[in-house]
Amino acid sequence: QSALTQPRSVSGSPAQSVTISCTGTSSDVGGYSYVSWYQHRPGKAPKLIIYDVSERPSGLPDRFSGSKSGNTASLTISGLQADDEADYYCCSYAGNHTVIFGGGTKLTVL
Amino acid sequence: QVQLQESGPGLVKPSETLSLTCTVSGDSITSNKWWSWVRQPPGEGLEWIGDIFHTGSASFNPSLKSRVSISLDKSKNQFSLNLRSVTAADTAVYYCAFRVDRYYYSSGTYYPFDCWGQGNLVTVSS
């Protein structure tokens, strides 16, 4: 069971939009609508930002959005803010009551 | 607001058992939540370890299943992780987390990790 594939890093300027991809297979991302995304700042607890592909937890700004096409899920952050700088991880149900994470993407706000 | 706090030794010797406890505050461990462990080796990504429900139903990462157990202490509102026969590859920050049982499925693995603890660094070294 290999980790889901994410770009190692992405960057964008304040107010711009960035998209982070998460590529798996038909046995995980492509096979189920149970993809979630987490924001992780160093030394802090990871934070859920998207679940069930495109659902946002209560209170999360709509600048964060999720989608999926085939075996690839995507997280889009619009109106980038300095506070968005963090590592982002995707996660998917992978069948047989197992879960798999992506390798993580470092977002830099220029 | 539910809060989670990991506790346990920061250093474990190779071949020994790594034991961590997560104390839950703000909710009962018998509520409709799956209680989980996730780890992050230094410089690497996140890795799911396993989940348990208050009924005792549990799921584990197949790569760790032979060495892992997760248990509940309802009297203390805590859940614990035991990882046996550790090696340096088990050095990681260990997080406890929970998943809300939204749809009453038989496994928590369908759900997102709604809330996480701050993490506990465990180093395996002699």
# chains A, B, ... in the order shown; residues from 1 in each chain; ligands from 1

$ residues_around --residues "B:Tyr111" --least-positions-apart "2" --cutoff "12 Å" --atoms "only C-alpha atoms" --output "PyMOL selection string"
(chain A and resi 32-37+48+50-53+91-94+97-99) or (chain B and resi 33-36+51+97-109+113-115)

$ residues_around --residues "stretch 12-14 of chain A" --least-positions-apart "4" --cutoff "8 Å" --atoms "only C-alpha atoms" --output "MDAnalysis selection string"
chainID A and resid 18 79:82 107:110

$ write_last_selection --atoms "N, CA and C atoms" --output "PDB file, in the first residue's frame"
ATOM      1  N   VAL A  18      -4.164  28.536  -5.183  1.00  0.00           N
ATOM      2  CA  VAL A  18      -3.288  27.406  -5.451  1.00  0.00           C
ATOM      3  C   VAL A  18      -4.113  26.129  -5.364  1.00  0.00           C
ATOM      4  N   GLY A  79      -7.715  33.128  -2.505  1.00  0.00           N
ATOM      5  CA  GLY A  79      -7.444  34.280  -1.656  1.00  0.00           C
ATOM      6  C   GLY A  79      -6.361  33.970  -0.638  1.00  0.00           C
ATOM      7  N   LEU A  80      -5.231  33.460  -1.107  1.00  0.00           N
ATOM      8  CA  LEU A  80      -4.144  33.031  -0.221  1.00  0.00           C
ATOM      9  C   LEU A  80      -3.798  34.085   0.821  1.00  0.00           C
ATOM     10  N   GLN A  81      -3.573  33.604   2.044  1.00  0.00           N
ATOM     11  CA  GLN A  81      -3.146  34.460   3.143  1.00  0.00           C
ATOM     12  C   GLN A  81      -1.853  33.896   3.723  1.00  0.00           C
ATOM     13  N   ALA A  82      -1.087  34.755   4.358  1.00  0.00           N
ATOM     14  CA  ALA A  82       0.176  34.307   4.956  1.00  0.00           C
ATOM     15  C   ALA A  82      -0.051  33.172   5.951  1.00  0.00           C
ATOM     16  N   LEU A 107       3.118  24.229   1.447  1.00  0.00           N
ATOM     17  CA  LEU A 107       2.625  25.445   0.799  1.00  0.00           C
ATOM     18  C   LEU A 107       3.405  26.647   1.314  1.00  0.00           C
ATOM     19  N   THR A 108       4.007  27.367   0.392  1.00  0.00           N
ATOM     20  CA  THR A 108       4.717  28.601   0.722  1.00  0.00           C
ATOM     21  C   THR A 108       3.948  29.786   0.157  1.00  0.00           C
ATOM     22  N   VAL A 109       3.679  30.753   1.022  1.00  0.00           N
ATOM     23  CA  VAL A 109       3.030  31.988   0.575  1.00  0.00           C
ATOM     24  C   VAL A 109       4.121  33.030   0.370  1.00  0.00           C
ATOM     25  N   LEU A 110       4.309  33.434  -0.869  1.00  0.00           N
ATOM     26  CA  LEU A 110       5.429  34.292  -1.246  1.00  0.00           C
ATOM     27  C   LEU A 110       5.288  35.713  -0.719  1.00  0.00           C
TER      28      LEU A 110
END

$ interface_residues --of "chain B" --to "chain A" --cutoff "6 Å" --atoms "only C-alpha atoms" --output "list of chain:residue names"
B:Gly45, B:Thr109, B:Tyr110, B:Pro112, B:Asp114, B:Trp116, B:Gly117, B:Gln118

$ residues_around --residues "A:Gly24" --least-positions-apart "6" --cutoff "9 Å" --atoms "only C-alpha atoms" --output "PyMOL selection string"
chain A and resi 2-5+30+71-73+92+102

$ residues_around --residues "B:Leu83" --least-positions-apart "6" --cutoff "6 Å" --atoms "only C-alpha atoms" --output "ChimeraX atom specification"
/B:17-18,67-68

$ atom_distance --atom1 "atom CA of B:Lys74" --atom2 "atom CA of B:Ser57"
14.7 Å

$ select_by_dssp --residues "chain A" --states "strand (DSSP E or B)" --output "PyMOL selection string"
chain A and resi 4-5+9-12+18-23+35-40+47-51+55+64-69+72-77+86-93+99-102+105-109

$ closest_residue --among "A:Leu75, A:Asp83, A:Asp28, A:Arg56" --to "A:Gln6" --atoms "only C-alpha atoms"
A:Leu75

$ atom_distance --atom1 "atom CA of A:Ser69" --atom2 "atom CA of B:Trp37"
29.3 Å

$ decode --residues "chain B" --atoms "C-alpha atoms" --output "CSV table (one decimal), in the first residue's frame"
chain,number,residue,atom,x,y,z
B,1,GLN,CA,-15.0,21.3,23.0
B,2,VAL,CA,-13.3,17.9,23.0
B,3,GLN,CA,-9.6,18.0,23.7
B,4,LEU,CA,-7.0,15.2,23.4
B,5,GLN,CA,-3.6,14.9,25.1
B,6,GLU,CA,-1.0,12.3,24.5
B,7,SER,CA,1.3,11.1,27.3
B,8,GLY,CA,4.1,8.6,27.6
B,9,PRO,CA,7.8,8.1,27.5
B,10,GLY,CA,9.9,10.0,25.0
B,11,LEU,CA,12.5,7.3,24.7
B,12,VAL,CA,12.1,3.6,24.2
B,13,LYS,CA,14.8,0.9,23.7
B,14,PRO,CA,14.9,-1.3,20.6
B,15,SER,CA,12.9,-4.5,20.9
B,16,GLU,CA,10.8,-3.1,23.7
B,17,THR,CA,7.2,-2.0,23.8
B,18,LEU,CA,6.1,1.6,23.0
B,19,SER,CA,3.2,2.6,25.2
B,20,LEU,CA,1.2,5.8,24.9
B,21,THR,CA,-2.0,7.1,26.5
B,22,CYS,CA,-4.5,9.7,25.2
B,23,THR,CA,-6.6,11.5,27.7
B,24,VAL,CA,-10.0,12.7,26.4
B,25,SER,CA,-11.6,15.8,28.0
B,26,GLY,CA,-14.9,17.4,27.1
B,27,ASP,CA,-16.6,14.2,26.0
B,28,SER,CA,-17.1,10.6,27.0
B,29,ILE,CA,-15.0,7.9,25.4
B,30,THR,CA,-18.2,5.9,25.0
B,31,SER,CA,-19.7,8.6,22.7
B,32,ASN,CA,-20.2,8.0,19.0
B,33,LYS,CA,-16.5,8.5,18.1
B,34,TRP,CA,-13.7,6.3,16.8
B,35,TRP,CA,-10.5,6.8,18.7
B,36,SER,CA,-7.4,6.7,16.6
B,37,TRP,CA,-3.6,6.8,16.5
B,38,VAL,CA,-1.6,8.3,13.7
B,39,ARG,CA,2.2,8.8,13.5
B,40,GLN,CA,4.7,10.9,11.6
B,41,PRO,CA,8.4,9.8,11.3
B,42,PRO,CA,10.9,12.7,11.2
B,43,GLY,CA,10.8,14.4,7.8
B,44,GLU,CA,8.1,12.0,6.5
B,45,GLY,CA,4.4,12.0,6.0
B,46,LEU,CA,1.5,10.8,8.2
B,47,GLU,CA,0.8,7.1,8.7
B,48,TRP,CA,-2.4,5.7,10.1
B,49,ILE,CA,-1.9,3.2,12.9
B,50,GLY,CA,-5.4,2.1,14.0
B,51,ASP,CA,-8.8,3.0,15.4
B,52,ILE,CA,-11.1,1.6,18.2
B,53,PHE,CA,-14.8,2.2,19.1
B,54,HIS,CA,-16.1,1.9,22.6
B,55,THR,CA,-17.7,-1.4,21.7
B,56,GLY,CA,-14.2,-2.8,21.1
B,57,SER,CA,-14.5,-2.9,17.3
B,58,ALA,CA,-11.1,-1.9,15.9
B,59,SER,CA,-9.2,-1.6,12.6
B,60,PHE,CA,-5.4,-1.5,12.1
B,61,ASN,CA,-2.9,-0.7,9.4
B,62,PRO,CA,-2.0,-4.0,7.9
B,63,SER,CA,1.7,-3.1,8.0
B,64,LEU,CA,1.6,-2.7,11.8
B,65,LYS,CA,-1.2,-5.0,12.7
B,66,SER,CA,1.0,-7.9,14.0
B,67,ARG,CA,2.7,-5.5,16.6
B,68,VAL,CA,-0.2,-3.1,17.5
B,69,SER,CA,-2.9,-3.1,20.1
B,70,ILE,CA,-5.3,-0.3,21.1
B,71,SER,CA,-7.3,-0.4,24.2
B,72,LEU,CA,-9.9,1.8,26.1
B,73,ASP,CA,-10.0,2.7,29.8
B,74,LYS,CA,-13.6,3.9,30.3
B,75,SER,CA,-13.0,4.7,34.0
B,76,LYS,CA,-10.3,7.1,33.2
B,77,ASN,CA,-11.7,8.3,29.8
B,78,GLN,CA,-8.5,7.3,28.1
B,79,PHE,CA,-7.3,5.1,25.3
B,80,SER,CA,-3.9,3.7,24.8
B,81,LEU,CA,-1.5,2.4,22.1
B,82,ASN,CA,0.9,-0.4,22.5
B,83,LEU,CA,3.5,-1.1,19.8
B,84,ARG,CA,5.7,-4.1,20.4
B,85,SER,CA,9.2,-5.0,19.2
B,86,VAL,CA,10.1,-1.5,18.2
B,87,THR,CA,13.0,-0.5,16.0
B,88,ALA,CA,14.5,2.9,15.0
B,89,ALA,CA,11.9,3.0,12.1
B,90,ASP,CA,9.2,3.5,14.8
B,91,THR,CA,10.7,6.8,15.8
B,92,ALA,CA,8.0,9.3,15.2
B,93,VAL,CA,5.6,11.9,16.6
B,94,TYR,CA,2.6,9.9,17.7
B,95,TYR,CA,-0.8,11.7,17.5
B,96,CYS,CA,-4.1,10.6,19.0
B,97,ALA,CA,-7.3,11.7,17.2
B,98,PHE,CA,-10.9,10.9,16.9
B,99,ARG,CA,-13.4,10.4,14.1
B,100,VAL,CA,-17.1,11.2,14.5
B,101,ASP,CA,-19.3,8.2,13.7
B,102,ARG,CA,-21.4,10.1,11.2
B,103,TYR,CA,-23.1,7.3,9.3
B,104,TYR,CA,-23.0,4.4,11.8
B,105,TYR,CA,-20.7,2.3,9.6
B,106,SER,CA,-19.1,-0.8,11.0
B,107,SER,CA,-15.6,0.7,10.7
B,108,GLY,CA,-14.2,4.1,11.5
B,109,THR,CA,-11.9,4.1,8.5
B,110,TYR,CA,-14.5,5.7,6.3
B,111,TYR,CA,-14.5,8.9,8.4
B,112,PRO,CA,-12.1,11.9,8.5
B,113,PHE,CA,-9.9,12.6,11.6
B,114,ASP,CA,-12.0,15.4,13.1
B,115,CYS,CA,-9.7,16.4,15.9
B,116,TRP,CA,-6.1,15.7,16.9
B,117,GLY,CA,-3.9,15.9,19.9
B,118,GLN,CA,-0.6,17.9,19.9
B,119,GLY,CA,1.5,14.9,19.4
B,120,ASN,CA,4.2,13.1,21.4
B,121,LEU,CA,7.7,12.5,20.0
B,122,VAL,CA,8.9,9.0,20.7
B,123,THR,CA,12.5,8.1,19.9
B,124,VAL,CA,13.6,4.5,19.7
B,125,SER,CA,17.3,4.2,20.7
B,126,SER,CA,19.5,2.3,23.0
